[in-house]
file entry05.txt (compact mmCIF, C-alpha atoms and all ligand atoms)
# COMPACT_ATOMS: atom_id res chain seq x y z
CA VAL A 1 115.65 59.73 81.57
CA THR A 2 116.83 61.17 84.88
CA SER A 3 114.32 63.11 86.96
CA TYR A 4 115.46 65.84 89.35
CA ARG A 5 113.16 67.23 91.97
CA CYS A 6 114.27 70.78 92.79
CA GLU A 7 113.12 72.26 96.08
CA PHE A 8 113.25 75.66 94.33
CA ALA A 9 114.29 76.52 90.78
CA TRP A 10 114.90 79.82 88.99
CA LEU A 11 112.74 79.59 85.87
CA PRO A 12 112.96 81.42 82.52
CA ASP A 13 110.03 83.73 83.25
CA GLY A 14 112.18 85.23 85.99
CA GLY A 15 110.27 83.67 88.85
CA VAL A 16 111.33 81.09 91.40
CA GLY A 17 109.24 77.92 91.39
CA ARG A 18 108.83 75.49 94.27
CA ASP A 19 108.81 71.71 93.77
CA VAL A 20 110.05 71.75 90.21
CA ILE A 21 110.60 68.48 88.37
CA ILE A 22 113.22 68.64 85.61
CA GLU A 23 113.59 65.60 83.39
CA VAL A 24 116.81 65.07 81.45
CA GLU A 25 117.60 62.80 78.54
CA ASP A 26 120.87 62.69 76.58
CA GLY A 27 122.10 65.82 78.33
CA ARG A 28 119.01 67.89 77.44
CA ILE A 29 116.04 69.08 79.43
CA VAL A 30 113.00 67.22 78.09
CA GLU A 31 110.41 68.40 80.61
CA VAL A 32 109.94 71.03 83.33
CA ARG A 33 106.91 70.76 85.67
CA THR A 34 106.08 72.81 88.74
CA GLY A 35 103.86 72.29 91.72
CA PRO A 36 103.01 69.75 94.44
CA ASP A 37 101.87 67.11 91.93
CA ALA A 38 104.78 67.62 89.54
CA GLY A 39 106.55 64.49 90.77
CA SER A 40 103.61 62.14 90.42
CA ALA A 41 104.36 60.95 86.89
CA VAL A 42 108.12 60.83 86.41
CA ARG A 43 109.46 59.02 83.40
CA GLY A 44 112.19 56.42 83.15
CA ASN A 45 112.49 54.01 86.07
CA GLY A 46 110.59 56.37 88.34
CA GLU A 47 113.60 57.28 90.48
CA VAL A 48 113.99 60.91 91.43
CA GLU A 49 117.16 62.72 92.47
CA HIS A 50 116.47 65.45 94.99
CA LEU A 51 118.24 68.79 94.68
CA ARG A 52 117.82 70.91 97.78
CA GLY A 53 117.95 74.71 97.84
CA LEU A 54 117.70 76.91 94.76
CA VAL A 55 118.57 75.29 91.41
CA LEU A 56 120.06 77.58 88.75
CA PRO A 57 120.75 76.74 85.10
CA GLY A 58 124.57 76.79 85.44
CA ALA A 59 126.79 79.87 85.53
CA ALA A 60 129.09 80.76 82.63
CA ASN A 61 132.60 81.98 83.36
CA VAL A 62 132.96 84.00 80.18
CA HIS A 63 136.52 85.22 80.68
CA SER A 64 139.34 83.12 82.10
CA HIS A 65 143.11 82.97 81.87
CA ALA A 66 143.63 79.66 83.65
CA PHE A 67 147.29 80.20 84.49
CA HIS A 68 146.57 83.41 86.41
CA ARG A 69 145.22 81.20 89.20
CA ALA A 70 148.85 80.58 90.20
CA LEU A 71 149.15 84.26 91.18
CA ARG A 72 146.42 84.31 93.83
CA GLY A 73 147.76 85.51 97.15
CA ARG A 74 151.13 86.37 95.63
CA THR A 75 150.41 89.81 94.27
CA HIS A 76 147.14 90.93 95.78
CA GLY A 77 148.46 92.30 99.05
CA ARG A 78 151.08 94.46 97.39
CA LEU A 79 151.30 97.93 96.00
CA GLY A 80 151.60 98.51 92.30
CA THR A 81 149.33 98.72 89.28
CA PHE A 82 147.91 96.57 86.51
CA TRP A 83 151.28 96.91 84.82
CA SER A 84 153.38 95.72 87.79
CA TRP A 85 150.92 92.82 88.28
CA ARG A 86 151.44 91.96 84.62
CA GLU A 87 155.19 91.49 85.25
CA ARG A 88 154.43 88.85 87.92
CA MET A 89 151.93 87.20 85.58
CA TYR A 90 154.61 86.95 82.89
CA GLU A 91 156.94 85.13 85.33
CA VAL A 92 154.34 82.37 85.70
CA ALA A 93 153.67 82.34 81.96
CA ALA A 94 157.36 81.64 81.36
CA GLN A 95 157.24 78.43 83.45
CA LEU A 96 154.48 76.46 81.76
CA ASP A 97 154.65 73.63 79.25
CA PRO A 98 151.65 71.64 77.94
CA ALA A 99 151.73 69.02 80.72
CA GLY A 100 152.13 71.60 83.48
CA TYR A 101 149.45 73.80 81.97
CA ARG A 102 147.01 70.89 81.74
CA THR A 103 147.54 70.12 85.43
CA LEU A 104 147.11 73.75 86.49
CA ALA A 105 144.08 74.34 84.27
CA ARG A 106 142.41 71.12 85.37
CA ALA A 107 142.62 72.21 89.01
CA SER A 108 141.50 75.76 88.16
CA TYR A 109 138.50 74.48 86.21
CA ALA A 110 137.60 72.07 89.02
CA GLU A 111 137.55 75.08 91.36
CA MET A 112 135.16 76.77 88.90
CA ALA A 113 132.89 73.73 88.87
CA LEU A 114 132.75 73.77 92.67
CA ALA A 115 131.70 77.43 92.40
CA GLY A 116 128.73 76.61 90.14
CA PHE A 117 130.24 77.36 86.74
CA THR A 118 129.30 74.85 84.05
CA ALA A 119 131.26 76.40 81.16
CA VAL A 120 134.41 78.45 80.76
CA GLY A 121 135.59 80.86 78.09
CA GLU A 122 139.35 80.47 78.04
CA PHE A 123 141.07 83.48 76.51
CA HIS A 124 144.12 81.58 75.38
CA TYR A 125 147.34 83.22 74.20
CA LEU A 126 150.08 81.08 75.78
CA HIS A 127 150.66 79.25 72.50
CA HIS A 128 154.33 78.57 71.89
CA GLN A 129 157.59 77.57 73.55
CA PRO A 130 159.38 80.19 75.70
CA ASP A 131 161.52 81.42 72.80
CA GLY A 132 158.49 81.70 70.53
CA THR A 133 159.14 78.50 68.57
CA PRO A 134 155.93 76.50 67.99
CA TYR A 135 155.59 73.13 69.70
CA VAL A 136 155.75 70.16 67.31
CA ASP A 137 151.96 70.16 67.59
CA ARG A 138 151.29 73.88 67.16
CA ASN A 139 148.11 73.57 69.23
CA ALA A 140 149.56 71.52 72.09
CA MET A 141 148.76 74.23 74.65
CA GLY A 142 145.20 74.71 73.38
CA ASP A 143 144.58 70.99 73.47
CA ALA A 144 145.99 70.85 77.02
CA LEU A 145 143.31 73.36 78.08
CA ILE A 146 140.55 71.41 76.34
CA GLU A 147 141.66 68.17 77.98
CA ALA A 148 141.81 69.97 81.35
CA ALA A 149 138.22 71.18 80.99
CA ARG A 150 137.02 67.71 80.05
CA GLN A 151 138.69 66.18 83.09
CA ALA A 152 137.14 68.84 85.32
CA GLY A 153 133.74 68.32 83.67
CA LEU A 154 133.21 71.84 82.25
CA ARG A 155 132.35 72.78 78.68
CA ILE A 156 135.05 74.98 77.22
CA THR A 157 134.97 77.70 74.62
CA LEU A 158 138.62 78.04 73.69
CA LEU A 159 139.04 81.61 72.49
CA ASP A 160 142.31 81.31 70.65
CA THR A 161 143.83 84.73 70.91
CA CYS A 162 145.70 86.64 68.26
CA TYR A 163 148.51 88.50 70.03
CA LEU A 164 151.05 90.12 67.73
CA ALA A 165 152.49 93.24 69.37
CA GLY A 166 153.77 94.37 72.76
CA GLY A 167 151.84 97.64 72.46
CA PHE A 168 151.06 100.21 69.76
CA GLY A 169 154.04 99.94 67.39
CA ALA A 170 156.03 97.71 69.81
CA GLU A 171 157.55 94.29 69.12
CA LEU A 172 156.78 91.31 71.33
CA ASP A 173 159.41 91.09 74.02
CA GLY A 174 160.58 88.41 76.49
CA VAL A 175 157.84 85.96 77.47
CA GLN A 176 155.42 87.71 75.10
CA ARG A 177 157.17 85.82 72.28
CA ARG A 178 155.23 82.75 73.44
CA PHE A 179 152.02 84.54 72.51
CA GLY A 180 152.75 85.56 68.92
CA ASP A 181 152.10 83.90 65.56
CA GLY A 182 153.83 86.58 63.47
CA ASP A 183 150.74 87.84 61.71
CA ALA A 184 147.00 87.24 61.67
CA ALA A 185 147.12 84.98 58.60
CA ARG A 186 149.48 82.57 60.40
CA TRP A 187 147.33 82.83 63.53
CA ALA A 188 144.31 81.84 61.41
CA ALA A 189 146.10 78.90 59.81
CA ARG A 190 147.03 77.50 63.22
CA VAL A 191 143.56 78.04 64.69
CA GLU A 192 141.88 76.50 61.64
CA ASP A 193 143.66 73.26 62.48
CA LEU A 194 142.35 73.40 66.06
CA TYR A 195 138.87 74.31 64.83
CA ARG A 196 138.68 71.30 62.53
CA ARG A 197 140.07 68.99 65.19
CA HIS A 198 137.15 69.80 67.52
CA ALA A 199 134.40 70.54 64.99
CA ALA A 200 132.37 67.47 65.95
CA ALA A 201 132.64 67.90 69.74
CA ASP A 202 129.54 68.88 71.73
CA ASP A 203 131.55 70.03 74.76
CA VAL A 204 134.07 72.27 72.95
CA VAL A 205 133.68 75.47 70.95
CA ILE A 206 136.72 76.90 69.19
CA GLY A 207 136.33 80.67 69.07
CA ALA A 208 138.64 83.56 68.31
CA ALA A 209 139.97 86.49 70.27
CA ILE A 210 141.76 89.72 69.52
CA HIS A 211 143.91 90.30 72.58
CA SER A 212 143.33 94.07 72.44
CA VAL A 213 143.85 97.00 70.09
CA ARG A 214 147.25 97.32 71.80
CA ALA A 215 148.35 93.82 70.83
CA VAL A 216 146.85 93.42 67.34
CA PRO A 217 147.74 96.13 64.78
CA ALA A 218 144.71 97.77 63.15
CA ALA A 219 145.49 96.26 59.74
CA GLU A 220 145.36 92.72 61.20
CA ILE A 221 142.10 93.04 63.16
CA PRO A 222 139.84 92.44 60.10
CA VAL A 223 141.64 89.14 59.39
CA VAL A 224 140.79 87.75 62.82
CA ALA A 225 137.24 89.10 62.67
CA ALA A 226 136.68 87.58 59.22
CA TRP A 227 137.92 84.17 60.36
CA ALA A 228 135.44 84.14 63.26
CA HIS A 229 132.52 85.57 61.27
CA ALA A 230 132.98 83.06 58.43
CA ARG A 231 132.67 80.20 60.92
CA GLY A 232 129.89 81.73 62.98
CA THR A 233 131.99 81.31 66.09
CA PRO A 234 132.49 83.69 69.05
CA LEU A 235 134.97 86.56 68.87
CA HIS A 236 136.15 88.12 72.13
CA VAL A 237 138.38 91.13 72.72
CA HIS A 238 139.74 93.03 75.74
CA VAL A 239 138.38 96.58 75.39
CA SER A 240 139.18 99.74 77.36
CA GLU A 241 140.39 97.98 80.49
CA GLN A 242 142.72 100.88 81.19
CA PRO A 243 142.40 104.65 80.55
CA SER A 244 145.96 104.51 79.17
CA GLU A 245 144.77 102.08 76.48
CA ASN A 246 142.16 104.61 75.39
CA ALA A 247 144.74 107.41 75.35
CA ALA A 248 147.26 105.40 73.34
CA CYS A 249 144.59 104.31 70.86
CA SER A 250 143.45 107.88 70.47
CA ASP A 251 147.04 109.05 69.89
CA THR A 252 147.66 106.34 67.27
CA HIS A 253 144.28 106.06 65.54
CA GLY A 254 142.37 109.17 66.57
CA CYS A 255 139.52 107.17 68.08
CA SER A 256 138.54 104.91 70.98
CA PRO A 257 139.26 101.15 70.98
CA THR A 258 135.52 100.47 70.48
CA ALA A 259 135.41 102.80 67.46
CA LEU A 260 138.50 101.14 65.99
CA LEU A 261 136.95 97.69 66.41
CA MET A 262 133.69 98.92 64.88
CA ARG A 263 135.56 100.34 61.89
CA SER A 264 137.50 97.05 61.53
CA GLY A 265 134.40 94.86 61.38
CA ALA A 266 135.10 93.26 64.76
CA LEU A 267 131.85 94.13 66.55
CA GLY A 268 128.61 92.20 66.09
CA ALA A 269 126.19 89.68 67.54
CA ARG A 270 128.90 87.06 68.12
CA THR A 271 131.38 89.50 69.63
CA THR A 272 132.00 89.96 73.35
CA ALA A 273 133.84 93.04 74.57
CA VAL A 274 135.67 92.06 77.75
CA HIS A 275 136.02 94.64 80.59
CA ALA A 276 134.57 97.65 78.69
CA THR A 277 135.35 99.64 81.83
CA HIS A 278 136.24 103.03 80.38
CA LEU A 279 133.62 103.71 77.71
CA ASP A 280 132.05 106.93 76.53
CA ASP A 281 128.45 107.33 75.35
CA ARG A 282 129.40 106.82 71.71
CA ASP A 283 131.15 103.55 72.56
CA ILE A 284 128.03 102.29 74.34
CA ARG A 285 125.84 103.24 71.37
CA ALA A 286 128.21 101.41 69.00
CA LEU A 287 128.15 98.26 71.14
CA ALA A 288 124.34 98.39 71.30
CA ALA A 289 123.84 99.09 67.59
CA SER A 290 126.12 96.22 66.58
CA GLY A 291 124.56 93.67 68.96
CA THR A 292 127.87 93.21 70.80
CA ARG A 293 127.77 91.74 74.31
CA VAL A 294 129.96 92.83 77.23
CA CYS A 295 131.73 90.64 79.78
CA LEU A 296 132.50 92.47 83.03
CA CYS A 297 135.15 91.08 85.40
CA PRO A 298 134.53 93.15 88.53
CA THR A 299 136.52 91.10 91.07
CA THR A 300 139.59 91.36 88.85
CA GLU A 301 138.95 95.00 87.99
CA ARG A 302 138.70 95.92 91.67
CA ASP A 303 141.78 93.85 92.53
CA LEU A 304 143.84 95.65 89.90
CA GLY A 305 142.36 99.08 90.61
CA ASP A 306 140.99 99.33 87.06
CA GLY A 307 137.65 101.00 87.78
CA VAL A 308 133.92 100.20 87.70
CA GLY A 309 132.32 99.32 84.37
CA PRO A 310 129.12 101.17 83.32
CA ALA A 311 126.87 98.11 83.57
CA HIS A 312 123.71 100.16 84.19
CA HIS A 313 124.28 102.29 81.09
CA LEU A 314 125.07 99.18 79.01
CA VAL A 315 121.91 97.40 80.15
CA GLY A 316 119.92 100.59 79.65
CA ALA A 317 121.17 100.79 76.07
CA GLY A 318 120.23 97.16 75.43
CA VAL A 319 123.72 95.62 75.59
CA PRO A 320 123.58 92.14 77.18
CA ILE A 321 126.11 91.81 80.01
CA ALA A 322 127.85 88.71 81.35
CA VAL A 323 130.68 88.08 83.82
CA GLY A 324 134.05 86.34 84.03
CA THR A 325 136.59 85.71 86.78
CA ASP A 326 139.48 86.69 84.47
CA SER A 327 142.59 86.69 86.74
CA HIS A 328 140.93 84.36 89.31
CA ALA A 329 141.72 86.67 92.21
CA ILE A 330 138.38 85.19 93.31
CA VAL A 331 136.47 82.32 91.69
CA ASP A 332 132.91 82.78 92.91
CA ALA A 333 129.96 83.18 90.55
CA PHE A 334 127.81 85.02 93.11
CA GLU A 335 130.56 87.35 94.26
CA GLU A 336 131.32 88.16 90.63
CA VAL A 337 127.80 89.07 89.64
CA ARG A 338 126.83 90.98 92.79
CA ALA A 339 130.07 92.97 92.44
CA VAL A 340 128.61 94.42 89.23
CA GLU A 341 125.73 95.96 91.18
CA LEU A 342 127.64 96.75 94.39
CA GLY A 343 130.42 98.57 92.52
CA LEU A 344 127.80 100.82 90.95
CA ARG A 345 126.28 101.50 94.36
CA LEU A 346 129.63 102.68 95.71
CA GLU A 347 130.21 104.84 92.70
CA THR A 348 126.74 106.43 92.51
CA TRP A 349 125.68 106.43 96.19
CA GLU A 350 122.45 104.75 95.11
CA ARG A 351 121.08 101.20 95.31
CA GLY A 352 119.17 99.03 92.88
CA HIS A 353 120.74 99.64 89.46
CA LEU A 354 120.25 96.09 88.19
CA PRO A 355 117.43 93.78 89.32
CA VAL A 356 118.25 90.31 90.66
CA ASP A 357 116.86 88.65 87.53
CA THR A 358 119.10 90.81 85.33
CA LEU A 359 122.12 89.74 87.40
CA LEU A 360 121.15 86.05 87.23
CA THR A 361 120.59 86.34 83.48
CA ALA A 362 124.06 87.88 83.14
CA LEU A 363 125.49 84.94 85.06
CA THR A 364 123.63 82.30 83.05
CA ALA A 365 121.88 82.78 79.68
CA ASN A 366 123.86 85.84 78.57
CA GLY A 367 127.14 84.21 79.54
CA HIS A 368 126.46 81.00 77.67
CA ALA A 369 125.40 83.03 74.62
CA CYS A 370 128.79 84.81 74.75
CA LEU A 371 130.41 81.37 74.67
CA GLY A 372 128.58 80.25 71.53
CA THR A 373 126.16 77.93 73.36
CA PRO A 374 122.88 79.88 73.42
CA ASP A 375 121.12 76.57 74.15
CA ALA A 376 122.46 76.72 77.73
CA GLY A 377 121.62 78.86 80.74
CA ARG A 378 117.84 78.37 81.00
CA LEU A 379 115.80 75.69 82.77
CA GLU A 380 113.68 75.20 79.69
CA LEU A 381 112.61 72.42 77.35
CA GLY A 382 115.34 71.58 74.83
CA CYS A 383 118.14 73.37 76.67
CA ARG A 384 121.33 71.77 77.91
CA ALA A 385 120.85 70.13 81.28
CA ASP A 386 123.12 72.32 83.40
CA LEU A 387 121.78 72.30 86.98
CA VAL A 388 123.46 73.98 89.95
CA ALA A 389 121.98 73.61 93.42
CA VAL A 390 122.68 76.33 96.00
CA ASP A 391 122.12 75.71 99.72
CA LEU A 392 119.51 78.05 101.23
CA LEU A 393 120.09 76.88 104.80
CA SER A 394 123.81 77.67 105.22
CA VAL A 395 125.14 80.26 107.65
CA ARG A 396 125.30 82.70 104.74
CA THR A 397 121.94 82.07 103.07
CA ALA A 398 119.70 81.11 106.01
CA GLY A 399 116.50 83.15 106.02
CA GLY A 400 116.12 83.16 102.26
CA SER A 401 114.45 79.80 101.83
CA ASN A 402 111.09 81.03 100.54
CA VAL A 403 109.93 81.61 96.99
CA GLU A 404 110.01 85.41 97.27
CA ASP A 405 113.54 85.77 98.61
CA ALA A 406 115.50 82.76 97.33
CA ALA A 407 116.99 84.43 94.25
CA ALA A 408 118.08 87.55 96.11
CA ALA A 409 119.42 85.46 99.01
CA VAL A 410 121.66 83.65 96.55
CA VAL A 411 122.78 86.68 94.51
CA PHE A 412 123.54 88.85 97.55
CA GLY A 413 124.37 86.30 100.24
CA ALA A 414 125.68 83.04 98.78
CA THR A 415 129.29 82.17 98.03
CA ALA A 416 130.94 79.34 96.14
CA ALA A 417 130.85 77.37 99.41
CA ASP A 418 127.05 77.17 99.14
CA VAL A 419 127.08 75.27 95.82
CA THR A 420 126.22 71.69 96.71
CA ASP A 421 125.59 69.94 93.38
CA VAL A 422 126.61 70.63 89.79
CA ILE A 423 125.34 68.83 86.71
CA VAL A 424 126.78 69.70 83.28
CA ASP A 425 125.07 68.46 80.12
CA GLY A 426 123.36 65.86 82.29
CA HIS A 427 126.61 64.64 83.91
CA ARG A 428 127.09 64.93 87.66
CA ILE A 429 130.36 66.81 88.35
CA VAL A 430 129.85 67.88 91.97
CA ARG A 431 127.88 65.96 94.60
CA ASP A 432 127.40 67.21 98.17
CA ARG A 433 130.13 69.86 97.67
CA ALA A 434 132.68 67.28 96.44
CA HIS A 435 134.15 67.40 92.94
CA ARG A 436 134.52 64.10 91.13
CA LEU A 437 138.31 64.65 90.93
CA GLY A 438 138.57 64.60 94.73
CA ASP A 439 140.49 67.15 96.80
CA VAL A 440 140.64 70.21 94.55
CA GLY A 441 142.62 72.21 97.12
CA ALA A 442 145.36 69.60 96.96
CA LEU A 443 145.24 69.56 93.16
CA LEU A 444 145.64 73.36 93.10
CA THR A 445 148.48 73.31 95.63
CA HIS A 446 150.38 70.71 93.65
CA ALA A 447 149.86 72.46 90.31
CA ILE A 448 150.69 75.96 91.58
CA THR A 449 153.85 74.76 93.31
CA ALA A 450 154.99 73.15 90.08
CA ALA A 451 154.23 76.29 88.06
CA SER A 452 155.90 78.77 90.40
CA PRO A 453 159.03 80.61 89.28
ZN ZN A 501 141.67 88.99 80.34
call {"tool": "encode", "arguments": {"input": "entry05.txt", "output": "structure tokens"}}
result
Amino acid sequence: VTSYRCEFAWLPDGGVGRDVIIEVEDGRIVEVRTGPDAGSAVRGNGEVEHLRGLVLPGAANVHSHAFHRALRGRTHGRLGTFWSWRERMYEVAAQLDPAGYRTLARASYAEMALAGFTAVGEFHYLHHQPDGTPYVDRNAMGDALIEAARQAGLRITLLDTCYLAGGFGAELDGVQRRFGDGDAARWAARVEDLYRRHAAADDVVIGAAIHSVRAVPAAEIPVVAAWAHARGTPLHVHVSEQPSENAACSDTHGCSPTALLMRSGALGARTTAVHATHLDDRDIRALAASGTRVCLCPTTERDLGDGVGPAHHLVGAGVPIAVGTDSHAIVDAFEEVRAVELGLRLETWERGHLPVDTLLTALTANGHACLGTPDAGRLELGCRADLVAVDLLSVRTAGGSNVEDAAAAVVFGATAADVTDVIVDGHRIVRDRAHRLGDVGALLTHAITAASP
């Protein structure tokens, strides 16, 4: 048993407790006690690890494309659109092989750990060799990502992505051939192999993804959905990221992407709609009625000029929201989640759409539920022991070190630089702002240089 004494901790009832003792055994929380006497009867050998600042139950990065990290700083200062950015992204995608991808993803995931993320949802479609031929091991790229996450110390939900078309009625072209399996049945056969390989692992979930209604023909969507539903595993899908996607879907199918997914059996309690930026009221009702969650990616959406998602309407309708860093224009859990609220403020000229506890729940419990690990994201008996300590005395957060203000100080003032300690499933990954792999900046520099066109 390891005992942690948290100066402050954000607890499941929504309040912040002071002097909270959290005891951990075999990667699980076995006791939570609060108050001045909480530390008087610790178990085990009686040693206590002190965590200063506010301790959170680990953030979930629900939507990641690890290789996009290589684009940071190379496209963001330029003109263009989502579509011109995508061309640059494809140039990086063309460079990677399993060894290079493992190196790049390991460094990207280590950056996430330093930012307070304890799990990542990797939306993985870079499957095959550049000409579209499978590697000898058809899941070599997926396994490279899983190995990368293990080395960086994060849990991974590998959302193996079905990607069959270059657009409505369009063949895969150029580097897109790396993404395709031909049809959904062959996608499922490949992913089944990966699923069985990792079925016994506690730190890996193999889930499914439909890239988008652009990239998976309507007749193939039910095949992917059925594979995921039969295994009770997460299903993620990019939805309505762009108004042009809605228009093309309407032209082809006479309905919105959300309606098409609903009709195809792809929505439900294990489904996460990613982006969900351009929704109408009927879409929101369909997501709510089906129990679908939504993952917003506001730092990517603002970088690409995609728009502001209707988080307040989703929450109002009862749709759980979560966040992801997607293109990794920024990897910062607090920046990501406050951007949900601050984007709405700019759009509506009003403050206070989503309370601090709603934002922290999006970052933690809701996110881990999207990733198929609903036993994470709460500092509660029986949950996974993910603990993230955030400094309340830094130049950014100073002034917020009291019970009333600590949560808001972190959500609206902290950055990734304020994360001091990260524990994942009871394992220490970050100590005093240092990742166990060492100099993550150097790891990123090396990996990005190697992956650059
Ligand atoms: Zn994405």
call {"tool": "closest_residue", "arguments": {"input": "entry05.txt", "among": "A:Val62, A:Ala119, A:Ala9, A:Ile429", "to": "A:Ile21", "atoms": "all atoms listed in the file"}}
result
A:Ala9
call {"tool": "atom_distance", "arguments": {"input": "entry05.txt", "atom1": "atom CA of A:Glu336", "atom2": "atom CA of A:Met262"}}
result
28.0 Å
call {"tool": "closest_residue", "arguments": {"input": "entry05.txt", "among": "A:Thr300, A:Ser452, A:Thr420, A:Gln129", "to": "A:Gly116", "atoms": "all atoms listed in the file"}}
result
A:Thr420
call {"tool": "closest_residue", "arguments": {"input": "entry05.txt", "among": "A:Ala409, A:Cys297, A:Ala266, A:Leu346", "to": "ligand ZN 501 (chain A)", "atoms": "only C-alpha atoms and all ligand atoms"}}
result
A:Cys297
call {"tool": "atom_distance", "arguments": {"input": "entry05.txt", "atom1": "atom CA of A:Gly372", "atom2": "atom CA of A:Pro234"}}
result
5.8 Å
call {"tool": "closest_atom_pairs", "arguments": {"input": "entry05.txt", "of": "chain A", "to": "ligand ZN 501 (chain A)", "cutoff": "9 Å", "atoms": "all atoms listed in the file", "output": "CSV"}}
result
residue,atom,partner,partner_atom,distance
A:His63,CA,A:ZN501,ZN,6.4
A:Ser64,CA,A:ZN501,ZN,6.6
A:His65,CA,A:ZN501,ZN,6.4
A:Phe123,CA,A:ZN501,ZN,6.7
A:His211,CA,A:ZN501,ZN,8.2
A:Val237,CA,A:ZN501,ZN,8.6
A:His238,CA,A:ZN501,ZN,6.4
A:Val274,CA,A:ZN501,ZN,7.2
A:His275,CA,A:ZN501,ZN,8.0
A:Cys297,CA,A:ZN501,ZN,8.5
A:Gly324,CA,A:ZN501,ZN,8.9
A:Thr325,CA,A:ZN501,ZN,8.8
A:Asp326,CA,A:ZN501,ZN,5.2
A:Ser327,CA,A:ZN501,ZN,6.9
call {"tool": "write_last_selection", "arguments": {"input": "entry05.txt", "atoms": "C-alpha atoms", "output": "PDB file, in the coordinates of the input"}}
result
ATOM      1  CA  HIS A  63     136.520  85.220  80.680  1.00  0.00           C
ATOM      2  CA  SER A  64     139.340  83.120  82.100  1.00  0.00           C
ATOM      3  CA  HIS A  65     143.110  82.970  81.870  1.00  0.00           C
ATOM      4  CA  PHE A 123     141.070  83.480  76.510  1.00  0.00           C
ATOM      5  CA  HIS A 211     143.910  90.300  72.580  1.00  0.00           C
ATOM      6  CA  VAL A 237     138.380  91.130  72.720  1.00  0.00           C
ATOM      7  CA  HIS A 238     139.740  93.030  75.740  1.00  0.00           C
ATOM      8  CA  VAL A 274     135.670  92.060  77.750  1.00  0.00           C
ATOM      9  CA  HIS A 275     136.020  94.640  80.590  1.00  0.00           C
ATOM     10  CA  CYS A 297     135.150  91.080  85.400  1.00  0.00           C
ATOM     11  CA  GLY A 324     134.050  86.340  84.030  1.00  0.00           C
ATOM     12  CA  THR A 325     136.590  85.710  86.780  1.00  0.00           C
ATOM     13  CA  ASP A 326     139.480  86.690  84.470  1.00  0.00           C
ATOM     14  CA  SER A 327     142.590  86.690  86.740  1.00  0.00           C
TER      15      SER A 327
END
call {"tool": "residues_near_point", "arguments": {"input": "entry05.txt", "point": "(136.5, 67.4, 94.3)", "cutoff": "12 Å", "atoms": "all atoms listed in the file", "output": "ChimeraX atom specification"}}
result
/A:106-115,151-153,420-422,428-444
call {"tool": "closest_residue", "arguments": {"input": "entry05.txt", "among": "A:Ile29, A:Cys383, A:Ala226, A:Leu11", "to": "A:Leu54", "atoms": "all atoms listed in the file"}}
result
A:Leu11
call {"tool": "closest_residue", "arguments": {"input": "entry05.txt", "among": "A:Ala188, A:Ile321, A:Leu126, A:Ile206", "to": "A:Cys295", "atoms": "only C-alpha atoms"}}
result
A:Ile321
call {"tool": "residues_near_point", "arguments": {"input": "entry05.txt", "point": "(146.7, 76.1, 74.2)", "cutoff": "10 Å", "atoms": "all atoms listed in the file", "output": "compact mmCIF listing (two decimals) with C-alpha atoms, keeping the file's coordinate frame"}}
result
# COMPACT_ATOMS: atom_id res chain seq x y z
CA ASP A 97 154.65 73.63 79.25
CA PRO A 98 151.65 71.64 77.94
CA TYR A 101 149.45 73.80 81.97
CA ARG A 102 147.01 70.89 81.74
CA GLU A 122 139.35 80.47 78.04
CA PHE A 123 141.07 83.48 76.51
CA HIS A 124 144.12 81.58 75.38
CA TYR A 125 147.34 83.22 74.20
CA LEU A 126 150.08 81.08 75.78
CA HIS A 127 150.66 79.25 72.50
CA HIS A 128 154.33 78.57 71.89
CA ARG A 138 151.29 73.88 67.16
CA ASN A 139 148.11 73.57 69.23
CA ALA A 140 149.56 71.52 72.09
CA MET A 141 148.76 74.23 74.65
CA GLY A 142 145.20 74.71 73.38
CA ASP A 143 144.58 70.99 73.47
CA ALA A 144 145.99 70.85 77.02
CA LEU A 145 143.31 73.36 78.08
CA ILE A 146 140.55 71.41 76.34
CA LEU A 158 138.62 78.04 73.69
CA LEU A 159 139.04 81.61 72.49
CA ASP A 160 142.31 81.31 70.65
CA THR A 161 143.83 84.73 70.91
CA LEU A 194 142.35 73.40 66.06
call {"tool": "residues_around", "arguments": {"input": "entry05.txt", "residues": "A:His353", "least_positions_apart": "6", "cutoff": "10 Å", "atoms": "all atoms listed in the file", "output": "PDB file with C-alpha atoms, in the coordinates of the input"}}
result
ATOM      1  CA  ALA A 311     126.870  98.110  83.570  1.00  0.00           C
ATOM      2  CA  HIS A 312     123.710 100.160  84.190  1.00  0.00           C
ATOM      3  CA  HIS A 313     124.280 102.290  81.090  1.00  0.00           C
ATOM      4  CA  VAL A 315     121.910  97.400  80.150  1.00  0.00           C
ATOM      5  CA  GLY A 316     119.920 100.590  79.650  1.00  0.00           C
ATOM      6  CA  VAL A 340     128.610  94.420  89.230  1.00  0.00           C
ATOM      7  CA  GLU A 341     125.730  95.960  91.180  1.00  0.00           C
ATOM      8  CA  LEU A 342     127.640  96.750  94.390  1.00  0.00           C
ATOM      9  CA  LEU A 344     127.800 100.820  90.950  1.00  0.00           C
ATOM     10  CA  ARG A 345     126.280 101.500  94.360  1.00  0.00           C
TER      11      ARG A 345
END
